[in-house]
file upload.pdb (PDB, C-alpha atoms and all ligand atoms)
ATOM      1  CA  MET A   1      97.219-249.702 -11.195
ATOM      2  CA  GLU A   2      98.546-253.105 -10.237
ATOM      3  CA  ILE A   3      97.249-255.103  -7.303
ATOM      4  CA  ASN A   4     100.001-256.760  -5.323
ATOM      5  CA  LEU A   5      99.008-258.661  -2.174
ATOM      6  CA  LYS A   6     102.450-260.139  -1.462
ATOM      7  CA  ASP A   7     102.978-260.885   2.259
ATOM      8  CA  LYS A   8      99.249-260.476   2.957
ATOM      9  CA  THR A   9      97.222-263.377   4.364
ATOM     10  CA  TYR A  10      93.504-264.009   3.908
ATOM     11  CA  ILE A  11      90.994-266.556   5.124
ATOM     12  CA  VAL A  12      88.422-267.786   2.592
ATOM     13  CA  THR A  13      85.511-269.948   3.760
ATOM     14  CA  GLY A  14      84.163-272.440   1.226
ATOM     15  CA  GLY A  15      87.285-272.313  -0.945
ATOM     16  CA  SER A  16      86.989-275.824  -2.332
ATOM     17  CA  LYS A  17      84.809-274.929  -5.314
ATOM     18  CA  GLY A  18      82.776-272.278  -7.106
ATOM     19  CA  ILE A  19      83.234-268.615  -6.241
ATOM     20  CA  GLY A  20      85.383-269.369  -3.171
ATOM     21  CA  ARG A  21      87.806-271.417  -5.237
ATOM     22  CA  ALA A  22      88.177-268.594  -7.770
ATOM     23  CA  ILE A  23      88.835-266.153  -4.914
ATOM     24  CA  VAL A  24      91.573-268.427  -3.542
ATOM     25  CA  VAL A  25      93.183-268.700  -7.004
ATOM     26  CA  GLU A  26      93.073-264.945  -7.727
ATOM     27  CA  LEU A  27      94.430-264.099  -4.259
ATOM     28  CA  VAL A  28      97.359-266.465  -4.742
ATOM     29  CA  GLN A  29      97.984-265.071  -8.231
ATOM     30  CA  ALA A  30      98.082-261.594  -6.640
ATOM     31  CA  GLY A  31     100.808-262.890  -4.299
ATOM     32  CA  ALA A  32      98.775-263.470  -1.112
ATOM     33  CA  ASN A  33      98.915-266.368   1.343
ATOM     34  CA  VAL A  34      95.579-268.110   1.822
ATOM     35  CA  ALA A  35      93.959-270.258   4.503
ATOM     36  CA  PHE A  36      90.807-271.732   3.035
ATOM     37  CA  THR A  37      88.123-274.033   4.366
ATOM     38  CA  PHE A  38      86.257-276.914   2.823
ATOM     39  CA  ASN A  39      83.480-278.987   4.295
ATOM     40  CA  LYS A  40      82.609-282.068   2.228
ATOM     41  CA  GLY A  41      84.947-281.333  -0.688
ATOM     42  CA  ALA A  42      88.185-282.878   0.639
ATOM     43  CA  ASP A  43      89.248-284.051  -2.834
ATOM     44  CA  ASP A  44      88.501-280.653  -4.425
ATOM     45  CA  ALA A  45      90.494-278.942  -1.672
ATOM     46  CA  GLU A  46      93.453-281.285  -2.160
ATOM     47  CA  ILE A  47      93.424-280.692  -5.935
ATOM     48  CA  LEU A  48      93.393-276.915  -5.374
ATOM     49  CA  VAL A  49      96.310-276.988  -2.936
ATOM     50  CA  ASN A  50      98.330-279.060  -5.418
ATOM     51  CA  GLU A  51      97.422-276.747  -8.313
ATOM     52  CA  LEU A  52      98.673-273.740  -6.350
ATOM     53  CA  LYS A  53     102.034-275.292  -5.420
ATOM     54  CA  GLN A  54     103.578-273.578  -8.465
ATOM     55  CA  TYR A  55     103.197-270.195  -6.693
ATOM     56  CA  PRO A  56     105.410-268.923  -3.853
ATOM     57  CA  SER A  57     102.386-268.237  -1.598
ATOM     58  CA  LYS A  58     101.613-270.330   1.470
ATOM     59  CA  VAL A  59      98.246-272.065   0.950
ATOM     60  CA  LYS A  60      96.622-274.260   3.614
ATOM     61  CA  LYS A  61      93.275-276.045   3.677
ATOM     62  CA  TYR A  62      91.183-276.624   6.798
ATOM     63  CA  GLN A  63      88.165-278.895   7.186
ATOM     64  CA  LEU A  64      85.374-276.934   8.852
ATOM     65  CA  ASP A  65      81.613-277.253   8.864
ATOM     66  CA  ILE A  66      80.749-273.639   9.597
ATOM     67  CA  THR A  67      77.458-274.680  11.197
ATOM     68  CA  HIS A  68      79.464-276.380  13.957
ATOM     69  CA  PHE A  69      79.726-273.021  15.655
ATOM     70  CA  ASN A  70      81.741-274.314  18.622
ATOM     71  CA  LYS A  71      84.590-275.284  16.223
ATOM     72  CA  ILE A  72      84.972-271.758  14.846
ATOM     73  CA  PRO A  73      87.177-270.240  17.615
ATOM     74  CA  GLU A  74      89.554-273.219  17.372
ATOM     75  CA  PHE A  75      89.733-272.800  13.571
ATOM     76  CA  ILE A  76      90.515-269.067  13.751
ATOM     77  CA  ASP A  77      93.141-269.669  16.481
ATOM     78  CA  GLN A  78      94.733-272.390  14.343
ATOM     79  CA  VAL A  79      94.973-270.110  11.278
ATOM     80  CA  VAL A  80      96.464-267.281  13.336
ATOM     81  CA  SER A  81      98.975-269.703  14.820
ATOM     82  CA  ASP A  82      99.860-271.085  11.344
ATOM     83  CA  PHE A  83     100.112-267.716   9.552
ATOM     84  CA  GLU A  84     100.813-265.262  12.463
ATOM     85  CA  ILE A  85      99.090-262.306  10.817
ATOM     86  CA  VAL A  86      95.699-262.333   9.081
ATOM     87  CA  ASP A  87      94.903-259.285   6.941
ATOM     88  CA  GLY A  88      91.354-260.117   5.951
ATOM     89  CA  ILE A  89      88.595-262.666   5.675
ATOM     90  CA  ILE A  90      86.159-263.552   2.916
ATOM     91  CA  ASN A  91      83.002-265.116   4.349
ATOM     92  CA  ASN A  92      81.945-266.992   1.235
ATOM     93  CA  ALA A  93      80.592-270.440   2.202
ATOM     94  CA  GLY A  94      76.866-270.670   1.599
ATOM     95  CA  ILE A  95      73.993-272.874   0.511
ATOM     96  CA  THR A  96      70.491-272.724  -0.986
ATOM     97  CA  LYS A  97      67.474-274.867  -0.058
ATOM     98  CA  ASP A  98      64.797-273.312  -2.257
ATOM     99  CA  ASN A  99      61.118-273.994  -1.762
ATOM    100  CA  LEU A 100      57.899-272.040  -1.971
ATOM    101  CA  PHE A 101      57.066-270.692   1.466
ATOM    102  CA  ALA A 102      53.960-272.918   1.768
ATOM    103  CA  ASP A 103      56.175-275.997   1.457
ATOM    104  CA  MET A 104      59.289-274.719   3.219
ATOM    105  CA  THR A 105      60.179-276.737   6.303
ATOM    106  CA  ILE A 106      61.704-275.309   9.434
ATOM    107  CA  ALA A 107      64.731-277.541   8.708
ATOM    108  CA  GLU A 108      65.189-275.816   5.309
ATOM    109  CA  TRP A 109      64.828-272.425   6.970
ATOM    110  CA  ASP A 110      67.233-273.203   9.831
ATOM    111  CA  SER A 111      69.981-274.786   7.748
ATOM    112  CA  VAL A 112      70.127-271.847   5.321
ATOM    113  CA  ILE A 113      70.014-269.204   8.064
ATOM    114  CA  ASP A 114      72.626-271.104  10.119
ATOM    115  CA  THR A 115      75.032-271.595   7.197
ATOM    116  CA  ASN A 116      74.660-268.234   5.455
ATOM    117  CA  LEU A 117      74.097-265.864   8.351
ATOM    118  CA  THR A 118      74.624-267.243  11.859
ATOM    119  CA  ALA A 119      77.979-268.800  10.928
ATOM    120  CA  MET A 120      79.042-265.351   9.704
ATOM    121  CA  PHE A 121      78.118-263.939  13.134
ATOM    122  CA  HIS A 122      80.382-266.497  14.837
ATOM    123  CA  ILE A 123      83.279-266.161  12.391
ATOM    124  CA  ASN A 124      83.289-262.357  12.512
ATOM    125  CA  LYS A 125      82.896-262.459  16.298
ATOM    126  CA  HIS A 126      86.140-264.453  16.575
ATOM    127  CA  ILE A 127      88.245-262.818  13.861
ATOM    128  CA  ILE A 128      87.478-259.193  14.797
ATOM    129  CA  PRO A 129      89.437-259.315  18.119
ATOM    130  CA  TYR A 130      92.559-260.174  16.074
ATOM    131  CA  PHE A 131      91.896-257.283  13.705
ATOM    132  CA  LEU A 132      91.371-254.985  16.707
ATOM    133  CA  LYS A 133      94.776-255.940  18.129
ATOM    134  CA  GLN A 134      96.506-255.016  14.865
ATOM    135  CA  LEU A 135      94.177-252.045  14.164
ATOM    136  CA  ASN A 136      93.763-253.339  10.641
ATOM    137  CA  GLY A 137      91.566-255.780   8.741
ATOM    138  CA  LYS A 138      89.273-256.204   5.784
ATOM    139  CA  ILE A 139      86.096-258.265   5.920
ATOM    140  CA  ILE A 140      84.189-259.234   2.781
ATOM    141  CA  ASN A 141      80.839-260.915   3.350
ATOM    142  CA  ILE A 142      79.364-262.651   0.307
ATOM    143  CA  SER A 143      75.681-261.769   0.051
ATOM    144  CA  SER A 144      73.551-262.160  -3.090
ATOM    145  CA  ALA A 145      71.333-260.218  -5.462
ATOM    146  CA  SER A 146      68.594-262.326  -3.809
ATOM    147  CA  GLY A 147      69.319-260.435  -0.589
ATOM    148  CA  LEU A 148      68.148-257.300  -2.396
ATOM    149  CA  SER A 149      65.349-258.659  -4.608
ATOM    150  CA  SER A 150      63.911-261.627  -2.608
ATOM    151  CA  PRO A 151      62.730-263.966  -5.401
ATOM    152  CA  ARG A 152      59.875-266.461  -5.025
ATOM    153  CA  GLY A 153      61.023-269.755  -3.520
ATOM    154  CA  GLN A 154      63.915-268.174  -1.647
ATOM    155  CA  ALA A 155      62.376-266.878   1.592
ATOM    156  CA  ASN A 156      65.133-268.562   3.636
ATOM    157  CA  TYR A 157      68.009-267.666   1.287
ATOM    158  CA  SER A 158      66.880-264.064   0.703
ATOM    159  CA  ALA A 159      66.383-263.486   4.426
ATOM    160  CA  SER A 160      69.865-264.863   5.121
ATOM    161  CA  LYS A 161      71.498-262.729   2.415
ATOM    162  CA  ALA A 162      69.587-259.560   3.401
ATOM    163  CA  GLY A 163      70.790-260.301   6.935
ATOM    164  CA  VAL A 164      74.367-260.438   5.628
ATOM    165  CA  ILE A 165      73.948-256.931   4.180
ATOM    166  CA  ALA A 166      72.532-255.608   7.463
ATOM    167  CA  LEU A 167      75.300-257.276   9.493
ATOM    168  CA  THR A 168      77.890-255.788   7.127
ATOM    169  CA  LYS A 169      76.558-252.247   7.568
ATOM    170  CA  THR A 170      76.506-252.470  11.373
ATOM    171  CA  LEU A 171      80.006-253.939  11.608
ATOM    172  CA  ALA A 172      81.316-251.258   9.241
ATOM    173  CA  LYS A 173      79.978-248.562  11.571
ATOM    174  CA  GLU A 174      81.171-250.207  14.774
ATOM    175  CA  TYR A 175      84.750-250.937  13.689
ATOM    176  CA  ALA A 176      85.773-248.205  11.240
ATOM    177  CA  TRP A 177      87.635-246.442  14.096
ATOM    178  CA  ALA A 178      89.990-249.454  14.227
ATOM    179  CA  ASN A 179      90.754-249.345  10.501
ATOM    180  CA  ILE A 180      88.618-252.424   9.926
ATOM    181  CA  SER A 181      86.533-252.173   6.763
ATOM    182  CA  VAL A 182      83.526-254.391   6.170
ATOM    183  CA  ASN A 183      81.855-254.703   2.773
ATOM    184  CA  ALA A 184      79.442-257.110   1.107
ATOM    185  CA  VAL A 185      79.477-258.470  -2.431
ATOM    186  CA  ALA A 186      76.113-259.348  -3.976
ATOM    187  CA  PRO A 187      76.492-261.549  -7.055
ATOM    188  CA  GLY A 188      73.676-262.271  -9.469
ATOM    189  CA  TYR A 189      73.697-265.555 -11.408
ATOM    190  CA  ILE A 190      77.231-266.975 -11.449
ATOM    191  CA  SER A 191      78.042-270.347 -13.073
ATOM    192  CA  THR A 192      78.725-272.774 -10.212
ATOM    193  CA  ALA A 193      77.228-275.964  -8.758
ATOM    194  CA  MET A 194      74.692-273.720  -6.995
ATOM    195  CA  THR A 195      73.240-272.548 -10.333
ATOM    196  CA  ASP A 196      73.530-275.856 -12.190
ATOM    197  CA  PHE A 197      69.841-275.702 -13.148
ATOM    198  CA  PRO A 198      68.168-277.585 -16.028
ATOM    199  CA  LYS A 199      69.153-276.193 -19.445
ATOM    200  CA  GLU A 200      65.720-274.668 -20.176
ATOM    201  CA  LYS A 201      65.721-272.780 -16.862
ATOM    202  CA  ILE A 202      69.203-271.410 -17.594
ATOM    203  CA  GLN A 203      68.131-270.238 -21.058
ATOM    204  CA  GLY A 204      65.095-268.497 -19.526
ATOM    205  CA  ILE A 205      67.183-266.715 -16.889
ATOM    206  CA  LYS A 206      69.777-265.594 -19.451
ATOM    207  CA  LYS A 207      67.057-263.765 -21.364
ATOM    208  CA  LEU A 208      66.367-261.667 -18.232
ATOM    209  CA  ILE A 209      70.016-260.673 -17.782
ATOM    210  CA  PRO A 210      70.969-257.574 -19.817
ATOM    211  CA  LEU A 211      74.425-259.111 -20.494
ATOM    212  CA  LYS A 212      72.659-262.341 -21.623
ATOM    213  CA  ARG A 213      74.977-264.670 -19.726
ATOM    214  CA  PHE A 214      75.793-265.945 -16.239
ATOM    215  CA  GLY A 215      78.820-264.397 -14.559
ATOM    216  CA  LYS A 216      82.105-266.259 -14.244
ATOM    217  CA  THR A 217      83.489-267.109 -10.805
ATOM    218  CA  GLU A 218      86.691-265.214 -11.577
ATOM    219  CA  GLU A 219      84.683-262.045 -12.295
ATOM    220  CA  VAL A 220      83.490-262.108  -8.662
ATOM    221  CA  ALA A 221      87.019-262.921  -7.518
ATOM    222  CA  TYR A 222      88.467-259.846  -9.312
ATOM    223  CA  LEU A 223      86.027-257.645  -7.382
ATOM    224  CA  VAL A 224      86.966-259.300  -4.086
ATOM    225  CA  VAL A 225      90.678-258.851  -4.788
ATOM    226  CA  PHE A 226      90.057-255.161  -5.523
ATOM    227  CA  LEU A 227      88.101-254.780  -2.269
ATOM    228  CA  LEU A 228      91.002-256.325  -0.347
ATOM    229  CA  SER A 229      93.565-254.091  -2.002
ATOM    230  CA  GLU A 230      94.758-250.654  -0.908
ATOM    231  CA  TYR A 231      92.832-249.148  -3.831
ATOM    232  CA  SER A 232      89.547-249.710  -1.998
ATOM    233  CA  ASN A 233      90.571-248.265   1.378
ATOM    234  CA  TYR A 234      87.825-245.611   1.360
ATOM    235  CA  ILE A 235      85.028-248.113   0.592
ATOM    236  CA  ASN A 236      83.259-249.204   3.779
ATOM    237  CA  GLY A 237      79.819-250.574   4.662
ATOM    238  CA  GLN A 238      78.881-251.034   1.008
ATOM    239  CA  THR A 239      77.159-253.813  -0.889
ATOM    240  CA  ILE A 240      78.654-254.087  -4.358
ATOM    241  CA  VAL A 241      76.320-255.768  -6.842
ATOM    242  CA  ILE A 242      77.886-257.853  -9.630
ATOM    243  CA  ASP A 243      74.979-259.249 -11.644
ATOM    244  CA  GLY A 244      75.229-258.451 -15.376
ATOM    245  CA  GLY A 245      72.557-255.811 -14.785
ATOM    246  CA  ILE A 246      69.666-258.119 -13.824
ATOM    247  CA  LEU A 247      68.606-256.278 -10.647
ATOM    248  CA  ASN A 248      68.448-253.007 -12.522
ATOM    249  CA  SER A 249      66.340-254.540 -15.284
ATOM    250  CA  LEU A 250      63.547-255.820 -13.061
ATOM    251  CA  ILE A 251      61.659-252.515 -12.952
TER     252      ILE A 251
HETATM  253  P1  LIG A 301      79.073-273.724  -4.396
HETATM  254  O1  LIG A 301      77.927-274.602  -4.060
HETATM  255  O2  LIG A 301      79.798-273.890  -5.680
HETATM  256  O3  LIG A 301      80.155-273.754  -3.214
HETATM  257  C1  LIG A 301      79.738-273.602  -1.907
HETATM  258  C2  LIG A 301      80.928-273.607  -0.994
HETATM  259  O4  LIG A 301      80.460-273.435   0.347
HETATM  260  C3  LIG A 301      81.693-274.922  -1.043
HETATM  261  O5  LIG A 301      83.067-274.649  -0.923
HETATM  262  C4  LIG A 301      81.192-275.672   0.192
HETATM  263  O6  LIG A 301      82.143-276.542   0.761
HETATM  264  C5  LIG A 301      80.957-274.502   1.147
HETATM  265  N1  LIG A 301      79.988-274.855   2.187
HETATM  266  C6  LIG A 301      78.671-275.108   2.048
HETATM  267  N2  LIG A 301      78.130-275.442   3.238
HETATM  268  C7  LIG A 301      79.134-275.389   4.150
HETATM  269  C8  LIG A 301      79.232-275.638   5.534
HETATM  270  N3  LIG A 301      78.177-276.032   6.269
HETATM  271  N4  LIG A 301      80.434-275.484   6.136
HETATM  272  C9  LIG A 301      81.497-275.097   5.420
HETATM  273  N5  LIG A 301      81.499-274.858   4.111
HETATM  274  C10 LIG A 301      80.322-275.017   3.479
HETATM  275  O7  LIG A 301      78.492-272.238  -4.263
HETATM  276  P2  LIG A 301      78.900-270.865  -4.950
HETATM  277  O8  LIG A 301      80.352-270.816  -5.194
HETATM  278  O9  LIG A 301      77.966-270.609  -6.034
HETATM  279  O10 LIG A 301      78.518-269.855  -3.775
HETATM  280  C11 LIG A 301      79.484-269.218  -2.953
HETATM  281  C12 LIG A 301      78.807-268.069  -2.224
HETATM  282  O11 LIG A 301      78.294-267.136  -3.181
HETATM  283  C13 LIG A 301      77.606-268.501  -1.377
HETATM  284  O12 LIG A 301      77.554-267.734  -0.203
HETATM  285  C14 LIG A 301      76.422-268.172  -2.275
HETATM  286  O13 LIG A 301      75.248-267.958  -1.532
HETATM  287  C15 LIG A 301      76.932-266.911  -2.941
HETATM  288  N6  LIG A 301      76.253-266.602  -4.194
HETATM  289  C16 LIG A 301      76.313-267.430  -5.276
HETATM  290  C17 LIG A 301      75.674-267.105  -6.448
HETATM  291  C18 LIG A 301      75.721-267.950  -7.669
HETATM  292  O14 LIG A 301      75.013-267.617  -8.649
HETATM  293  N7  LIG A 301      76.512-269.022  -7.735
HETATM  294  C19 LIG A 301      74.884-265.867  -6.554
HETATM  295  C20 LIG A 301      74.900-265.063  -5.355
HETATM  296  C21 LIG A 301      75.559-265.423  -4.235
HETATM  297  P3  LIG A 301      82.260-278.132   0.371
HETATM  298  O15 LIG A 301      81.986-278.241  -1.108
HETATM  299  O16 LIG A 301      83.663-278.469   0.746
HETATM  300  O17 LIG A 301      81.255-278.864   1.208
END
call {"tool": "encode", "arguments": {"input": "upload.pdb", "output": "structure tokens"}}
result
Amino acid sequence: MEINLKDKTYIVTGGSKGIGRAIVVELVQAGANVAFTFNKGADDAEILVNELKQYPSKVKKYQLDITHFNKIPEFIDQVVSDFEIVDGIINNAGITKDNLFADMTIAEWDSVIDTNLTAMFHINKHIIPYFLKQLNGKIINISSASGLSSPRGQANYSASKAGVIALTKTLAKEYAWANISVNAVAPGYISTAMTDFPKEKIQGIKKLIPLKRFGKTEEVAYLVVFLLSEYSNYINGQTIVIDGGILNSLI
């Protein structure tokens, strides 16, 4: 089984670093064209585009703050105009603003819900009409193990990521007739800027993970590439957990 995504085009939000960056790299290595967004990471995005020049794929970066919802239609239109056909989208951009509920501000709640969930509503709302026209499309929404387990200090984040799972299931039901599949990926602890905790905290978390390590960004990217490939065509409305076994070890 070899995954070849030559002549396919995908949009990746938050492709400048972390998991999104690894997804961009693996997609390009599988032969796909990629339109990816960055927000504040202009330099990271530029470095990535240059790094990928060695491949025949077309790779373009777009500055987009996904919480500026009114900019989303323009962004999707621009990508469609630049690439003509879009085969799938990976809604990856996300943030944490952890705090115990007693101390959590409405600003911390709103910014996490807006970035992780409401932006996904707007992006899917504007990309799905294109997929409907071509009767084809794959949507991968990046959720989190926190969307299933709801840890202390993550009321906002867990609610947003549980919302992503619920949104994914509804969209999968509503659009399967049009050959549009919608799945979620729920990573556990993956080594990125988001999990750059103090050393002692990392050591403590590793002890709870059956595999005794954080996941690598490319391990999430391999799963995403599989879910975009023809080999996953019968998978729809699912949330695939990739967490080294931590969710399963909590009870
Ligand atoms: P990083 O912090 O490494 O990267 C986050 C990405 O999201 C960056 O590309 C950033 O862009 C982008 N981003 C953040 N806010 C916005 C915004 N308002 N508009 C546009 N882009 C934005 O995070 P990870 O790679 O770790 O996380 C990626 C996804 O995976 C997130 O949805 C996260 O919730 C999820 N996840 C991560 C886990 C982990 O352990 N790392 C575990 C479970 C889920 P820029 O830098 O250009 O501003």
call {"tool": "residues_near_point", "arguments": {"input": "upload.pdb", "point": "(84.5, -269.0, -11.4)", "cutoff": "9 Å", "atoms": "all atoms listed in the file", "output": "PyMOL selection string"}}
result
chain A and resi 17-23+190-192+215-221
call {"tool": "closest_residue", "arguments": {"input": "upload.pdb", "among": "A:Met120, A:Ile202, A:Val28, A:Ala193", "to": "ligand LIG 301 (chain A)", "atoms": "all atoms listed in the file"}}
result
A:Ala193
call {"tool": "residues_around", "arguments": {"input": "upload.pdb", "residues": "region 150-165 of chain A", "least_positions_apart": "5", "cutoff": "7 Å", "atoms": "only C-alpha atoms", "output": "JSON, numbers by chain"}}
result
{"A": [96, 98, 99, 100, 101, 109, 112, 113, 116, 117, 141, 143, 144, 184, 239]}
call {"tool": "write_last_selection", "arguments": {"input": "upload.pdb", "atoms": "C-alpha atoms", "output": "short mmCIF file (atom, residue, chain, number, x, y, z; two decimals), in the frame of the given file"}}
result
data_model
loop_
_atom_site.label_atom_id
_atom_site.label_comp_id
_atom_site.auth_asym_id
_atom_site.auth_seq_id
_atom_site.Cartn_x
_atom_site.Cartn_y
_atom_site.Cartn_z
CA THR A 96 70.49 -272.72 -0.99
CA ASP A 98 64.80 -273.31 -2.26
CA ASN A 99 61.12 -273.99 -1.76
CA LEU A 100 57.90 -272.04 -1.97
CA PHE A 101 57.07 -270.69 1.47
CA TRP A 109 64.83 -272.42 6.97
CA VAL A 112 70.13 -271.85 5.32
CA ILE A 113 70.01 -269.20 8.06
CA ASN A 116 74.66 -268.23 5.46
CA LEU A 117 74.10 -265.86 8.35
CA ASN A 141 80.84 -260.92 3.35
CA SER A 143 75.68 -261.77 0.05
CA SER A 144 73.55 -262.16 -3.09
CA ALA A 184 79.44 -257.11 1.11
CA THR A 239 77.16 -253.81 -0.89
#
call {"tool": "closest_residue", "arguments": {"input": "upload.pdb", "among": "A:Val59, A:Ala172, A:Ala93, A:Val25", "to": "ligand LIG 301 (chain A)", "atoms": "only C-alpha atoms and all ligand atoms"}}
result
A:Ala93
call {"tool": "residues_around", "arguments": {"input": "upload.pdb", "residues": "Val34 (chain A)", "least_positions_apart": "6", "cutoff": "9 Å", "atoms": "only C-alpha atoms", "output": "PyMOL selection string"}}
result
chain A and resi 8-12+24+27-28+57-61+83
call {"tool": "axis_aligned_box", "arguments": {"input": "upload.pdb", "around": "ligand LIG 301 (chain A)", "padding_each_side": "8 Å", "output": "lines of an AutoDock Vina configuration file"}}
result
center_x = 79.3
center_y = -272.0
center_z = -1.2
size_x = 24.8
size_y = 29.8
size_z = 30.9
call {"tool": "closest_residue", "arguments": {"input": "upload.pdb", "among": "A:Gly41, A:Pro198, A:Gly237, A:Pro210", "to": "Lys138 (chain A)", "atoms": "only C-alpha atoms"}}
result
A:Gly237
call {"tool": "closest_residue", "arguments": {"input": "upload.pdb", "among": "A:Phe36, A:Tyr222, A:Tyr189, A:Phe69", "to": "ligand LIG 301 (chain A)", "atoms": "all atoms listed in the file"}}
result
A:Tyr189
call {"tool": "atom_distance", "arguments": {"input": "upload.pdb", "atom1": "CA of Gln63 (chain A)", "atom2": "CA of Ile180 (chain A)"}}
result
26.6 Å
call {"tool": "decode", "arguments": {"input": "upload.pdb", "residues": "region 18-35 of chain A", "atoms": "N, CA and C atoms", "output": "PDB file, in the first residue's frame"}}
result
ATOM      1  N   GLY A  18       4.475  23.253  14.403  1.00  0.00           N
ATOM      2  CA  GLY A  18       3.820  22.169  15.131  1.00  0.00           C
ATOM      3  C   GLY A  18       3.202  21.105  14.219  1.00  0.00           C
ATOM      4  N   ILE A  19       2.032  20.643  14.642  1.00  0.00           N
ATOM      5  CA  ILE A  19       1.362  19.545  13.926  1.00  0.00           C
ATOM      6  C   ILE A  19       1.011  19.971  12.496  1.00  0.00           C
ATOM      7  N   GLY A  20       0.535  21.197  12.336  1.00  0.00           N
ATOM      8  CA  GLY A  20       0.155  21.686  10.999  1.00  0.00           C
ATOM      9  C   GLY A  20       1.329  21.676  10.037  1.00  0.00           C
ATOM     10  N   ARG A  21       2.482  22.072  10.541  1.00  0.00           N
ATOM     11  CA  ARG A  21       3.687  22.090   9.699  1.00  0.00           C
ATOM     12  C   ARG A  21       4.021  20.670   9.229  1.00  0.00           C
ATOM     13  N   ALA A  22       3.957  19.722  10.173  1.00  0.00           N
ATOM     14  CA  ALA A  22       4.263  18.325   9.819  1.00  0.00           C
ATOM     15  C   ALA A  22       3.264  17.811   8.785  1.00  0.00           C
ATOM     16  N   ILE A  23       2.007  18.219   8.915  1.00  0.00           N
ATOM     17  CA  ILE A  23       0.993  17.791   7.928  1.00  0.00           C
ATOM     18  C   ILE A  23       1.341  18.355   6.552  1.00  0.00           C
ATOM     19  N   VAL A  24       1.724  19.630   6.506  1.00  0.00           N
ATOM     20  CA  VAL A  24       2.110  20.233   5.219  1.00  0.00           C
ATOM     21  C   VAL A  24       3.268  19.439   4.605  1.00  0.00           C
ATOM     22  N   VAL A  25       4.283  19.156   5.409  1.00  0.00           N
ATOM     23  CA  VAL A  25       5.485  18.456   4.906  1.00  0.00           C
ATOM     24  C   VAL A  25       5.112  17.063   4.383  1.00  0.00           C
ATOM     25  N   GLU A  26       4.341  16.309   5.169  1.00  0.00           N
ATOM     26  CA  GLU A  26       4.002  14.934   4.749  1.00  0.00           C
ATOM     27  C   GLU A  26       3.117  14.945   3.500  1.00  0.00           C
ATOM     28  N   LEU A  27       2.203  15.925   3.410  1.00  0.00           N
ATOM     29  CA  LEU A  27       1.357  16.013   2.214  1.00  0.00           C
ATOM     30  C   LEU A  27       2.214  16.268   0.971  1.00  0.00           C
ATOM     31  N   VAL A  28       3.152  17.188   1.101  1.00  0.00           N
ATOM     32  CA  VAL A  28       4.019  17.507  -0.044  1.00  0.00           C
ATOM     33  C   VAL A  28       4.882  16.296  -0.393  1.00  0.00           C
ATOM     34  N   GLN A  29       5.370  15.589   0.625  1.00  0.00           N
ATOM     35  CA  GLN A  29       6.180  14.396   0.349  1.00  0.00           C
ATOM     36  C   GLN A  29       5.354  13.291  -0.303  1.00  0.00           C
ATOM     37  N   ALA A  30       4.020  13.333  -0.077  1.00  0.00           N
ATOM     38  CA  ALA A  30       3.136  12.351  -0.736  1.00  0.00           C
ATOM     39  C   ALA A  30       2.709  12.847  -2.124  1.00  0.00           C
ATOM     40  N   GLY A  31       3.222  14.017  -2.522  1.00  0.00           N
ATOM     41  CA  GLY A  31       2.982  14.503  -3.887  1.00  0.00           C
ATOM     42  C   GLY A  31       1.901  15.560  -4.014  1.00  0.00           C
ATOM     43  N   ALA A  32       1.253  15.946  -2.895  1.00  0.00           N
ATOM     44  CA  ALA A  32       0.124  16.876  -2.974  1.00  0.00           C
ATOM     45  C   ALA A  32       0.575  18.337  -3.078  1.00  0.00           C
ATOM     46  N   ASN A  33      -0.330  19.166  -3.599  1.00  0.00           N
ATOM     47  CA  ASN A  33      -0.171  20.623  -3.536  1.00  0.00           C
ATOM     48  C   ASN A  33      -0.813  21.094  -2.234  1.00  0.00           C
ATOM     49  N   VAL A  34      -0.255  22.142  -1.648  1.00  0.00           N
ATOM     50  CA  VAL A  34      -0.783  22.589  -0.350  1.00  0.00           C
ATOM     51  C   VAL A  34      -0.897  24.107  -0.280  1.00  0.00           C
ATOM     52  N   ALA A  35      -2.064  24.562   0.186  1.00  0.00           N
ATOM     53  CA  ALA A  35      -2.269  25.965   0.556  1.00  0.00           C
ATOM     54  C   ALA A  35      -2.346  25.977   2.076  1.00  0.00           C
TER      55      ALA A  35
END
